[in-house]
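*Asks:* Below is protein_4.tsv; it holds TSV, N, CA and C atoms.
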```tsv
chain	number	residue	atom	x	y	z
A	1	MET	N	-3.96	-4.50	-24.46
A	1	MET	CA	-4.93	-4.63	-23.39
A	1	MET	C	-4.71	-3.49	-22.40
A	2	LYS	N	-5.79	-2.95	-21.90
A	2	LYS	CA	-5.73	-1.87	-20.92
A	2	LYS	C	-6.31	-2.35	-19.60
A	3	PHE	N	-5.84	-1.72	-18.52
A	3	PHE	CA	-6.50	-1.93	-17.24
A	3	PHE	C	-6.78	-0.57	-16.64
A	4	GLN	N	-7.71	-0.56	-15.72
A	4	GLN	CA	-8.19	0.70	-15.17
A	4	GLN	C	-7.95	0.80	-13.67
A	5	THR	N	-7.71	2.04	-13.24
A	5	THR	CA	-7.73	2.35	-11.82
A	5	THR	C	-9.11	2.96	-11.56
A	6	ILE	N	-9.81	2.38	-10.59
A	6	ILE	CA	-11.18	2.83	-10.31
A	6	ILE	C	-11.27	3.32	-8.88
A	7	ASN	N	-11.87	4.48	-8.70
A	7	ASN	CA	-12.10	5.03	-7.37
A	7	ASN	C	-13.13	4.13	-6.68
A	8	PRO	N	-12.77	3.47	-5.57
A	8	PRO	CA	-13.69	2.54	-4.93
A	8	PRO	C	-14.89	3.23	-4.27
A	9	THR	N	-14.80	4.51	-4.02
A	9	THR	CA	-15.90	5.24	-3.40
A	9	THR	C	-16.94	5.65	-4.43
A	10	THR	N	-16.47	6.17	-5.57
A	10	THR	CA	-17.40	6.69	-6.59
A	10	THR	C	-17.57	5.73	-7.76
A	11	GLU	N	-16.70	4.74	-7.85
A	11	GLU	CA	-16.65	3.79	-8.96
A	11	GLU	C	-16.33	4.45	-10.30
A	12	GLU	N	-15.78	5.66	-10.26
A	12	GLU	CA	-15.36	6.35	-11.48
A	12	GLU	C	-13.98	5.84	-11.88
A	13	VAL	N	-13.77	5.78	-13.21
A	13	VAL	CA	-12.45	5.40	-13.72
A	13	VAL	C	-11.52	6.61	-13.52
A	14	ILE	N	-10.42	6.38	-12.82
A	14	ILE	CA	-9.43	7.43	-12.59
A	14	ILE	C	-8.52	7.55	-13.80
A	15	LYS	N	-8.04	6.40	-14.27
A	15	LYS	CA	-7.11	6.39	-15.39
A	15	LYS	C	-7.06	5.00	-15.99
A	16	GLU	N	-6.74	4.94	-17.28
A	16	GLU	CA	-6.51	3.67	-17.96
A	16	GLU	C	-5.03	3.54	-18.29
A	17	TYR	N	-4.54	2.33	-18.20
A	17	TYR	CA	-3.12	2.06	-18.46
A	17	TYR	C	-2.99	0.93	-19.46
A	18	GLU	N	-1.98	1.04	-20.33
A	18	GLU	CA	-1.63	-0.05	-21.23
A	18	GLU	C	-0.80	-1.06	-20.44
A	19	THR	N	-0.99	-2.33	-20.70
A	19	THR	CA	-0.12	-3.33	-20.09
A	19	THR	C	1.19	-3.35	-20.86
A	20	TYR	N	2.25	-3.77	-20.19
A	20	TYR	CA	3.57	-3.82	-20.83
A	20	TYR	C	3.77	-5.18	-21.48
A	21	ASP	N	4.44	-5.16	-22.63
A	21	ASP	CA	4.81	-6.41	-23.26
A	21	ASP	C	6.12	-6.91	-22.64
A	22	LYS	N	6.50	-8.11	-23.02
A	22	LYS	CA	7.69	-8.73	-22.44
A	22	LYS	C	8.94	-7.88	-22.66
A	23	LYS	N	9.07	-7.29	-23.84
A	23	LYS	CA	10.23	-6.46	-24.15
A	23	LYS	C	10.32	-5.28	-23.18
A	24	ARG	N	9.21	-4.60	-22.93
A	24	ARG	CA	9.21	-3.44	-22.03
A	24	ARG	C	9.54	-3.85	-20.60
A	25	ILE	N	9.04	-4.98	-20.18
A	25	ILE	CA	9.32	-5.48	-18.83
A	25	ILE	C	10.82	-5.74	-18.67
A	26	TYR	N	11.44	-6.35	-19.67
A	26	TYR	CA	12.88	-6.60	-19.61
A	26	TYR	C	13.68	-5.29	-19.61
A	27	GLU	N	13.21	-4.29	-20.36
A	27	GLU	CA	13.87	-2.99	-20.35
A	27	GLU	C	13.84	-2.37	-18.94
A	28	ILE	N	12.69	-2.45	-18.31
A	28	ILE	CA	12.54	-1.90	-16.96
A	28	ILE	C	13.46	-2.64	-15.98
A	29	ALA	N	13.49	-3.96	-16.10
A	29	ALA	CA	14.36	-4.75	-15.21
A	29	ALA	C	15.83	-4.41	-15.45
A	30	GLU	N	16.22	-4.22	-16.70
A	30	GLU	CA	17.61	-3.87	-17.01
A	30	GLU	C	17.96	-2.48	-16.47
A	31	ASN	N	17.03	-1.54	-16.59
A	31	ASN	CA	17.27	-0.20	-16.03
A	31	ASN	C	17.39	-0.25	-14.51
A	32	ALA	N	16.58	-1.09	-13.87
A	32	ALA	CA	16.69	-1.24	-12.41
A	32	ALA	C	18.05	-1.82	-12.05
A	33	LYS	N	18.52	-2.78	-12.82
A	33	LYS	CA	19.84	-3.38	-12.58
A	33	LYS	C	20.94	-2.34	-12.73
A	34	LYS	N	20.86	-1.51	-13.76
A	34	LYS	CA	21.86	-0.44	-13.95
A	34	LYS	C	21.83	0.52	-12.77
A	35	GLY	N	20.64	0.89	-12.33
A	35	GLY	CA	20.52	1.77	-11.18
A	35	GLY	C	21.12	1.14	-9.94
A	36	PHE	N	20.86	-0.14	-9.75
A	36	PHE	CA	21.44	-0.86	-8.60
A	36	PHE	C	22.95	-0.87	-8.67
A	37	ASP	N	23.51	-1.11	-9.86
A	37	ASP	CA	24.97	-1.15	-10.00
A	37	ASP	C	25.60	0.18	-9.60
A	38	GLU	N	24.91	1.29	-9.87
A	38	GLU	CA	25.42	2.60	-9.44
A	38	GLU	C	25.20	2.80	-7.94
A	39	TRP	N	24.02	2.44	-7.45
A	39	TRP	CA	23.65	2.63	-6.04
A	39	TRP	C	24.60	1.88	-5.11
A	40	ARG	N	24.96	0.66	-5.49
A	40	ARG	CA	25.79	-0.16	-4.61
A	40	ARG	C	27.19	0.40	-4.41
A	41	THR	N	27.63	1.29	-5.31
A	41	THR	CA	28.95	1.89	-5.17
A	41	THR	C	28.96	3.10	-4.24
A	42	LEU	N	27.78	3.60	-3.90
A	42	LEU	CA	27.70	4.77	-3.02
A	42	LEU	C	28.00	4.38	-1.59
A	43	LYS	N	28.66	5.27	-0.88
A	43	LYS	CA	28.86	5.07	0.55
A	43	LYS	C	27.50	5.11	1.24
A	44	ILE	N	27.41	4.43	2.36
A	44	ILE	CA	26.15	4.40	3.10
A	44	ILE	C	25.72	5.81	3.48
A	45	SER	N	26.66	6.65	3.82
A	45	SER	CA	26.31	8.03	4.19
A	45	SER	C	25.66	8.78	3.02
A	46	GLU	N	26.10	8.49	1.80
A	46	GLU	CA	25.49	9.12	0.62
A	46	GLU	C	24.09	8.56	0.37
A	47	ARG	N	23.93	7.27	0.55
A	47	ARG	CA	22.59	6.68	0.42
A	47	ARG	C	21.66	7.28	1.45
A	48	ALA	N	22.17	7.46	2.66
A	48	ALA	CA	21.37	8.05	3.73
A	48	ALA	C	20.92	9.46	3.36
A	49	ARG	N	21.80	10.21	2.71
A	49	ARG	CA	21.43	11.57	2.27
A	49	ARG	C	20.24	11.51	1.32
A	50	TYR	N	20.25	10.55	0.42
A	50	TYR	CA	19.12	10.39	-0.50
A	50	TYR	C	17.83	10.00	0.24
A	51	MET	N	17.95	9.17	1.25
A	51	MET	CA	16.78	8.79	2.03
A	51	MET	C	16.18	9.99	2.76
A	52	LYS	N	17.03	10.90	3.21
A	52	LYS	CA	16.54	12.15	3.83
A	52	LYS	C	15.79	12.99	2.80
A	53	ILE	N	16.28	12.99	1.57
A	53	ILE	CA	15.59	13.71	0.50
A	53	ILE	C	14.22	13.09	0.24
A	54	VAL	N	14.16	11.75	0.23
A	54	VAL	CA	12.88	11.06	0.07
A	54	VAL	C	11.90	11.52	1.15
A	55	ALA	N	12.35	11.53	2.39
A	55	ALA	CA	11.49	11.95	3.50
A	55	ALA	C	11.01	13.38	3.29
A	56	ASP	N	11.92	14.24	2.85
A	56	ASP	CA	11.57	15.64	2.64
A	56	ASP	C	10.52	15.78	1.53
A	57	VAL	N	10.71	15.08	0.42
A	57	VAL	CA	9.75	15.13	-0.69
A	57	VAL	C	8.39	14.61	-0.25
A	58	LEU	N	8.38	13.51	0.49
A	58	LEU	CA	7.10	12.97	0.98
A	58	LEU	C	6.36	14.01	1.82
A	59	ARG	N	7.07	14.68	2.68
A	59	ARG	CA	6.42	15.69	3.54
A	59	ARG	C	5.97	16.92	2.74
A	60	LYS	N	6.79	17.37	1.82
A	60	LYS	CA	6.43	18.55	1.02
A	60	LYS	C	5.22	18.28	0.12
A	61	ARG	N	5.08	17.04	-0.31
A	61	ARG	CA	3.98	16.69	-1.23
A	61	ARG	C	2.91	15.84	-0.53
A	62	LYS	N	2.88	15.93	0.80
A	62	LYS	CA	1.98	15.09	1.60
A	62	LYS	C	0.52	15.20	1.16
A	63	SER	N	0.04	16.42	0.94
A	63	SER	CA	-1.37	16.60	0.54
A	63	SER	C	-1.66	15.92	-0.78
A	64	GLU	N	-0.78	16.12	-1.74
A	64	GLU	CA	-0.95	15.50	-3.06
A	64	GLU	C	-0.99	13.98	-2.96
A	65	PHE	N	-0.03	13.42	-2.23
A	65	PHE	CA	0.04	11.96	-2.11
A	65	PHE	C	-1.12	11.40	-1.29
A	66	ALA	N	-1.52	12.10	-0.23
A	66	ALA	CA	-2.64	11.64	0.58
A	66	ALA	C	-3.93	11.61	-0.24
A	67	GLU	N	-4.13	12.63	-1.05
A	67	GLU	CA	-5.32	12.66	-1.91
A	67	GLU	C	-5.30	11.51	-2.91
A	68	LEU	N	-4.12	11.19	-3.42
A	68	LEU	CA	-3.98	10.07	-4.36
A	68	LEU	C	-4.37	8.75	-3.68
A	69	ILE	N	-3.86	8.54	-2.47
A	69	ILE	CA	-4.19	7.32	-1.72
A	69	ILE	C	-5.69	7.22	-1.51
A	70	THR	N	-6.29	8.31	-1.07
A	70	THR	CA	-7.73	8.31	-0.79
A	70	THR	C	-8.54	8.05	-2.06
A	71	THR	N	-8.14	8.66	-3.15
A	71	THR	CA	-8.85	8.47	-4.42
A	71	THR	C	-8.71	7.04	-4.92
A	72	GLU	N	-7.51	6.50	-4.86
A	72	GLU	CA	-7.29	5.17	-5.42
A	72	GLU	C	-7.75	4.04	-4.51
A	73	MET	N	-7.72	4.25	-3.19
A	73	MET	CA	-8.01	3.15	-2.27
A	73	MET	C	-9.27	3.37	-1.43
A	74	GLY	N	-9.78	4.59	-1.42
A	74	GLY	CA	-10.96	4.85	-0.60
A	74	GLY	C	-10.65	5.01	0.88
A	75	LYS	N	-9.37	5.13	1.20
A	75	LYS	CA	-8.95	5.28	2.60
A	75	LYS	C	-9.33	6.68	3.08
A	76	PRO	N	-9.79	6.81	4.33
A	76	PRO	CA	-10.07	8.14	4.86
A	76	PRO	C	-8.83	9.03	4.77
A	77	ILE	N	-9.02	10.29	4.44
A	77	ILE	CA	-7.91	11.21	4.19
A	77	ILE	C	-6.98	11.33	5.39
A	78	THR	N	-7.51	11.28	6.60
A	78	THR	CA	-6.64	11.39	7.77
A	78	THR	C	-5.68	10.21	7.85
A	79	GLN	N	-6.16	9.02	7.48
A	79	GLN	CA	-5.29	7.85	7.45
A	79	GLN	C	-4.26	7.96	6.33
A	80	SER	N	-4.66	8.56	5.22
A	80	SER	CA	-3.73	8.74	4.10
A	80	SER	C	-2.60	9.68	4.50
A	81	TYR	N	-2.92	10.76	5.21
A	81	TYR	CA	-1.87	11.66	5.70
A	81	TYR	C	-0.93	10.92	6.65
A	82	SER	N	-1.50	10.12	7.52
A	82	SER	CA	-0.67	9.35	8.46
A	82	SER	C	0.24	8.38	7.73
A	83	GLU	N	-0.27	7.79	6.67
A	83	GLU	CA	0.54	6.84	5.90
A	83	GLU	C	1.75	7.51	5.26
A	84	ILE	N	1.55	8.69	4.70
A	84	ILE	CA	2.66	9.42	4.10
A	84	ILE	C	3.69	9.79	5.17
A	85	GLU	N	3.20	10.24	6.32
A	85	GLU	CA	4.11	10.60	7.42
A	85	GLU	C	4.90	9.37	7.88
A	86	LYS	N	4.23	8.22	7.97
A	86	LYS	CA	4.93	7.00	8.39
A	86	LYS	C	6.02	6.62	7.38
A	87	CYS	N	5.76	6.78	6.10
A	87	CYS	CA	6.76	6.48	5.08
A	87	CYS	C	7.95	7.44	5.20
A	88	ALA	N	7.68	8.71	5.43
A	88	ALA	CA	8.76	9.70	5.59
A	88	ALA	C	9.59	9.36	6.83
A	89	TRP	N	8.91	9.03	7.91
A	89	TRP	CA	9.60	8.66	9.16
A	89	TRP	C	10.47	7.43	8.94
A	90	THR	N	9.95	6.44	8.23
A	90	THR	CA	10.71	5.22	7.96
A	90	THR	C	11.97	5.52	7.15
A	91	ALA	N	11.85	6.39	6.15
A	91	ALA	CA	13.02	6.78	5.36
A	91	ALA	C	14.08	7.43	6.25
A	92	GLU	N	13.64	8.26	7.19
A	92	GLU	CA	14.57	8.91	8.11
A	92	GLU	C	15.22	7.91	9.06
A	93	ILE	N	14.45	6.94	9.52
A	93	ILE	CA	15.00	5.91	10.42
A	93	ILE	C	16.12	5.15	9.71
A	94	TYR	N	15.89	4.76	8.46
A	94	TYR	CA	16.94	4.08	7.71
A	94	TYR	C	18.13	5.00	7.47
A	95	ALA	N	17.87	6.26	7.15
A	95	ALA	CA	18.96	7.21	6.93
A	95	ALA	C	19.80	7.37	8.20
A	96	ASP	N	19.14	7.46	9.32
A	96	ASP	CA	19.85	7.71	10.59
A	96	ASP	C	20.55	6.48	11.16
A	97	ASN	N	20.12	5.28	10.78
A	97	ASN	CA	20.62	4.08	11.44
A	97	ASN	C	21.33	3.08	10.54
A	98	SER	N	21.23	3.23	9.24
A	98	SER	CA	21.78	2.21	8.33
A	98	SER	C	23.26	1.97	8.52
A	99	GLU	N	24.02	3.04	8.72
A	99	GLU	CA	25.47	2.87	8.87
A	99	GLU	C	25.77	1.96	10.06
A	100	LYS	N	25.06	2.18	11.16
A	100	LYS	CA	25.26	1.35	12.36
A	100	LYS	C	24.73	-0.08	12.12
A	101	TRP	N	23.54	-0.17	11.53
A	101	TRP	CA	22.93	-1.47	11.31
A	101	TRP	C	23.74	-2.35	10.36
A	102	LEU	N	24.47	-1.72	9.43
A	102	LEU	CA	25.19	-2.48	8.41
A	102	LEU	C	26.68	-2.63	8.68
A	103	GLU	N	27.12	-2.25	9.88
A	103	GLU	CA	28.52	-2.45	10.24
A	103	GLU	C	28.85	-3.94	10.25
A	104	ASP	N	30.08	-4.26	9.87
A	104	ASP	CA	30.53	-5.64	9.98
A	104	ASP	C	30.48	-6.07	11.45
A	105	GLU	N	30.14	-7.32	11.66
A	105	GLU	CA	30.14	-7.88	13.01
A	105	GLU	C	31.23	-8.94	13.09
A	106	ILE	N	32.04	-8.84	14.13
A	106	ILE	CA	33.07	-9.85	14.34
A	106	ILE	C	32.59	-10.79	15.43
A	107	LEU	N	32.56	-12.07	15.09
A	107	LEU	CA	32.10	-13.10	16.03
A	107	LEU	C	33.24	-14.07	16.29
A	108	ASN	N	33.31	-14.57	17.50
A	108	ASN	CA	34.30	-15.57	17.83
A	108	ASN	C	33.58	-16.89	18.02
A	109	ALA	N	33.98	-17.88	17.24
A	109	ALA	CA	33.40	-19.21	17.36
A	109	ALA	C	34.52	-20.24	17.19
A	110	ASP	N	34.56	-21.22	18.05
A	110	ASP	CA	35.59	-22.26	17.99
A	110	ASP	C	36.99	-21.66	18.03
A	111	GLY	N	37.14	-20.56	18.76
A	111	GLY	CA	38.44	-19.92	18.89
A	111	GLY	C	38.91	-19.16	17.67
A	112	LYS	N	38.03	-18.98	16.71
A	112	LYS	CA	38.39	-18.25	15.49
A	112	LYS	C	37.46	-17.05	15.33
A	113	ASN	N	38.00	-15.99	14.75
A	113	ASN	CA	37.18	-14.81	14.46
A	113	ASN	C	36.49	-15.00	13.11
A	114	HIS	N	35.23	-14.64	13.08
A	114	HIS	CA	34.42	-14.70	11.86
A	114	HIS	C	33.81	-13.32	11.66
A	115	ILE	N	33.63	-12.94	10.41
A	115	ILE	CA	33.04	-11.64	10.11
A	115	ILE	C	31.70	-11.85	9.41
A	116	VAL	N	30.68	-11.20	9.95
A	116	VAL	CA	29.39	-11.14	9.28
A	116	VAL	C	29.34	-9.78	8.60
A	117	THR	N	29.16	-9.79	7.30
A	117	THR	CA	29.15	-8.54	6.54
A	117	THR	C	27.86	-8.44	5.74
A	118	PHE	N	27.44	-7.23	5.46
A	118	PHE	CA	26.21	-6.99	4.72
A	118	PHE	C	26.56	-6.31	3.41
A	119	GLU	N	26.11	-6.90	2.31
A	119	GLU	CA	26.40	-6.35	0.99
A	119	GLU	C	25.12	-6.35	0.17
A	120	PRO	N	24.95	-5.30	-0.65
A	120	PRO	CA	23.77	-5.27	-1.52
A	120	PRO	C	23.86	-6.39	-2.55
A	121	LEU	N	22.77	-7.09	-2.76
A	121	LEU	CA	22.79	-8.25	-3.64
A	121	LEU	C	22.10	-8.04	-4.99
A	122	GLY	N	21.14	-7.13	-5.05
A	122	GLY	CA	20.48	-6.92	-6.34
A	122	GLY	C	19.10	-6.33	-6.20
A	123	VAL	N	18.43	-6.26	-7.33
A	123	VAL	CA	17.10	-5.69	-7.43
A	123	VAL	C	16.07	-6.71	-6.95
A	124	ILE	N	15.06	-6.21	-6.25
A	124	ILE	CA	13.97	-7.07	-5.78
A	124	ILE	C	12.67	-6.59	-6.41
A	125	LEU	N	11.92	-7.50	-7.00
A	125	LEU	CA	10.60	-7.18	-7.53
A	125	LEU	C	9.59	-7.60	-6.47
A	126	SER	N	8.72	-6.68	-6.15
A	126	SER	CA	7.71	-6.98	-5.15
A	126	SER	C	6.35	-6.52	-5.66
A	127	ILE	N	5.42	-7.41	-5.75
A	127	ILE	CA	4.05	-7.06	-6.16
A	127	ILE	C	3.24	-6.98	-4.88
A	128	MET	N	2.80	-5.77	-4.57
A	128	MET	CA	2.17	-5.52	-3.28
A	128	MET	C	0.64	-5.45	-3.44
A	129	PRO	N	-0.09	-5.71	-2.37
A	129	PRO	CA	-1.55	-5.59	-2.44
A	129	PRO	C	-1.93	-4.12	-2.60
A	130	TRP	N	-3.13	-3.88	-3.05
A	130	TRP	CA	-3.58	-2.53	-3.33
A	130	TRP	C	-3.53	-1.62	-2.11
A	131	ASN	N	-3.62	-2.18	-0.93
A	131	ASN	CA	-3.64	-1.34	0.28
A	131	ASN	C	-2.29	-1.29	0.99
A	132	PHE	N	-1.23	-1.62	0.27
A	132	PHE	CA	0.11	-1.57	0.85
A	132	PHE	C	0.49	-0.12	1.11
A	133	PRO	N	1.22	0.16	2.18
A	133	PRO	CA	1.60	1.55	2.45
A	133	PRO	C	2.31	2.20	1.29
A	134	PHE	N	2.06	3.47	1.16
A	134	PHE	CA	2.59	4.30	0.09
A	134	PHE	C	4.09	4.10	-0.06
```
Show me the file's structure as structure tokens.

*Replies:*
Amino acid sequence: MKFQTINPTTEEVIKEYETYDKKRIYEIAENAKKGFDEWRTLKISERARYMKIVADVLRKRKSEFAELITTEMGKPITQSYSEIEKCAWTAEIYADNSEKWLEDEILNADGKNHIVTFEPLGVILSIMPWNFPF
């Protein structure tokens, strides 16, 4: 079975895609798990470096990505450019602040010290609406 991406402005078919069978879906999930297992071992500073690279790629390819958004969603091109910039900015915010945001917190309750710690737990699958930010 195939599904199509259709330009909402022109109603032209942009591309057709094959749907994945159960085996392919499990392969993708397993690859995501392997990637997560490697990612979780990286220091936060190294992850932040990758997030800066993401921001850089988004900005370098802003025109290409903005045109894709406009073609696939019918969004005005100026909004598409803004969306790419917002995604790049968000990647930088996480890169610049994650180390601080993820520091252990020591709390005192009932005369005892407690530690709140943040640890990566696993892969998340998210099915987003068609107009979700890039």

*Asks:* For each of A:Ala66, A:Ala95, A:Ile6, A:Ile28, take the minimum atom-to-atom distance to A:Arg49, counting only N, CA and C atoms, then give the residue where this is smallest.

*Replies:* A:Ala95

*Asks:* DSSP on the backbone, then: every residue of stretch 20-115 of chain A marked alpha helix (DSSP H), written as a PyMOL selection string.

*Replies:* chain A and resi 22-39+44-60+62-73+77-101

*Asks:* Residues near A:Asn7, anyone? I mean within 8 Å using only N, CA and C atoms, not counting same-chain ones fewer than 3 positions away, as a ChimeraX atom specification.

*Replies:* /A:4,10-15,70-74

*Asks:* Okay, now the selection with N, CA and C atoms, as a compact mmCIF listing (two decimals), in the coordinates of the input?

*Replies:*
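Final file, result-v1.txt:
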```txt
# COMPACT_ATOMS: atom_id res chain seq x y z
N GLN A 4 -7.71 -0.56 -15.72
CA GLN A 4 -8.19 0.70 -15.17
C GLN A 4 -7.95 0.80 -13.67
N THR A 10 -16.47 6.17 -5.57
CA THR A 10 -17.40 6.69 -6.59
C THR A 10 -17.57 5.73 -7.76
N GLU A 11 -16.70 4.74 -7.85
CA GLU A 11 -16.65 3.79 -8.96
C GLU A 11 -16.33 4.45 -10.30
N GLU A 12 -15.78 5.66 -10.26
CA GLU A 12 -15.36 6.35 -11.48
C GLU A 12 -13.98 5.84 -11.88
N VAL A 13 -13.77 5.78 -13.21
CA VAL A 13 -12.45 5.40 -13.72
C VAL A 13 -11.52 6.61 -13.52
N ILE A 14 -10.42 6.38 -12.82
CA ILE A 14 -9.43 7.43 -12.59
C ILE A 14 -8.52 7.55 -13.80
N LYS A 15 -8.04 6.40 -14.27
CA LYS A 15 -7.11 6.39 -15.39
C LYS A 15 -7.06 5.00 -15.99
N THR A 70 -6.29 8.31 -1.07
CA THR A 70 -7.73 8.31 -0.79
C THR A 70 -8.54 8.05 -2.06
N THR A 71 -8.14 8.66 -3.15
CA THR A 71 -8.85 8.47 -4.42
C THR A 71 -8.71 7.04 -4.92
N GLU A 72 -7.51 6.50 -4.86
CA GLU A 72 -7.29 5.17 -5.42
C GLU A 72 -7.75 4.04 -4.51
N MET A 73 -7.72 4.25 -3.19
CA MET A 73 -8.01 3.15 -2.27
C MET A 73 -9.27 3.37 -1.43
N GLY A 74 -9.78 4.59 -1.42
CA GLY A 74 -10.96 4.85 -0.60
C GLY A 74 -10.65 5.01 0.88
```

*Asks:* DSSP on the backbone, then: every residue of stretch 79-130 of chain A marked strand (DSSP E), written as an MDAnalysis selection string.

*Replies:* chainID A and resid 105:109 112:116

*Asks:* Give, as lines of an AutoDock Vina configuration file, the centre coordinates and the x, y and z edge lengths in Å to one decimal for an axis-aligned box around all listed atoms of stretch 22-35 of chain A, padded by 5 Å on each side.

*Replies:*
```
center_x = 14.2
center_y = -3.5
center_z = -17.0
size_x = 25.4
size_y = 20.5
size_z = 24.2
```

*Asks:* So how far away is atom C of A:Leu121 from atom CA of A:Glu30, in Å?

*Replies:*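 Between atom CA of A:Glu30 and atom C of A:Leu121 the gap is 13.5 Å.
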
*Asks:* To one decimal place, how far is atom N of A:Lys62 from atom C of A:Phe132 in Å?

*Replies:*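 Taking atom N of A:Lys62 and atom C of A:Phe132, their separation equals 16.2 Å.
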
*Asks:* Pick out the closest residue to A:Asp56 from this set: A:Glu92, A:Glu119, A:Glu18, A:Glu103. Count only N, CA and C atoms.

*Replies:*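 Checking each candidate against A:Asp56, we get A:Glu92 as the closest.
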
*Asks:* Tell me, in Å to one decimal, how far atom CA of A:Ile44 is from atom CA of A:Asn31.

*Replies:* 21.6 Å

*Asks:* Using all atoms listed in the file, can you tell me which of A:Met51, A:Ile84, A:Leu102, A:Val123 comes closest to A:Phe65?

*Replies:*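 Ranked by minimum distance to A:Phe65, first place goes to A:Ile84.
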
*Asks:* Find the residues near A:Ala55: any atom within 7 Å, counting only N, CA and C atoms, skip ones fewer than 5 places away on the same chain, and give them as a PyMOL selection string.

*Replies:* chain A and resi 50+60+87-89+91-92

*Asks:* Can you tell me which residues surround A:Arg40 at a distance of at most 6.5 Å, considering all atoms listed in the file, apart from same-chain residues fewer than 4 positions away, and format the answer as a ChimeraX atom specification?

*Replies:* /A:35-36,120

*Asks:* Please produce stretch 25-30 of chain A, completed to all heavy atoms, as a short mmCIF file (atom, residue, chain, number, x, y, z; two decimals), in the frame of the given file.

*Replies:*
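The new file selection35.cif reads:
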```cif
data_model
loop_
_atom_site.label_atom_id
_atom_site.label_comp_id
_atom_site.auth_asym_id
_atom_site.auth_seq_id
_atom_site.Cartn_x
_atom_site.Cartn_y
_atom_site.Cartn_z
N ILE A 25 9.04 -4.98 -20.18
CA ILE A 25 9.32 -5.48 -18.83
C ILE A 25 10.82 -5.74 -18.67
O ILE A 25 11.42 -5.37 -17.66
CB ILE A 25 8.48 -6.73 -18.52
CG1 ILE A 25 7.00 -6.34 -18.43
CG2 ILE A 25 8.95 -7.41 -17.24
CD1 ILE A 25 6.04 -7.49 -18.43
N TYR A 26 11.44 -6.35 -19.67
CA TYR A 26 12.88 -6.60 -19.61
C TYR A 26 13.68 -5.29 -19.61
O TYR A 26 14.71 -5.19 -18.94
CB TYR A 26 13.33 -7.52 -20.74
CG TYR A 26 13.04 -8.97 -20.45
CD1 TYR A 26 12.05 -9.66 -21.15
CD2 TYR A 26 13.75 -9.67 -19.48
CE1 TYR A 26 11.77 -10.99 -20.87
CE2 TYR A 26 13.48 -11.01 -19.20
CZ TYR A 26 12.49 -11.65 -19.90
OH TYR A 26 12.21 -12.96 -19.63
N GLU A 27 13.21 -4.29 -20.36
CA GLU A 27 13.87 -2.99 -20.35
C GLU A 27 13.84 -2.37 -18.94
O GLU A 27 14.83 -1.83 -18.46
CB GLU A 27 13.19 -2.03 -21.33
CG GLU A 27 13.46 -2.31 -22.78
CD GLU A 27 12.60 -1.45 -23.70
OE1 GLU A 27 11.79 -0.62 -23.22
OE2 GLU A 27 12.73 -1.61 -24.93
N ILE A 28 12.69 -2.45 -18.31
CA ILE A 28 12.54 -1.90 -16.96
C ILE A 28 13.46 -2.64 -15.98
O ILE A 28 14.15 -2.02 -15.17
CB ILE A 28 11.07 -1.98 -16.50
CG1 ILE A 28 10.22 -1.01 -17.33
CG2 ILE A 28 10.94 -1.69 -15.00
CD1 ILE A 28 8.73 -1.22 -17.18
N ALA A 29 13.49 -3.96 -16.10
CA ALA A 29 14.36 -4.75 -15.21
C ALA A 29 15.83 -4.41 -15.45
O ALA A 29 16.61 -4.28 -14.50
CB ALA A 29 14.11 -6.24 -15.43
N GLU A 30 16.22 -4.22 -16.70
CA GLU A 30 17.61 -3.87 -17.01
C GLU A 30 17.96 -2.48 -16.47
O GLU A 30 19.04 -2.28 -15.93
CB GLU A 30 17.85 -3.94 -18.53
CG GLU A 30 19.29 -3.70 -18.93
CD GLU A 30 20.29 -4.67 -18.30
OE1 GLU A 30 19.97 -5.85 -18.09
OE2 GLU A 30 21.42 -4.23 -18.00
#
```
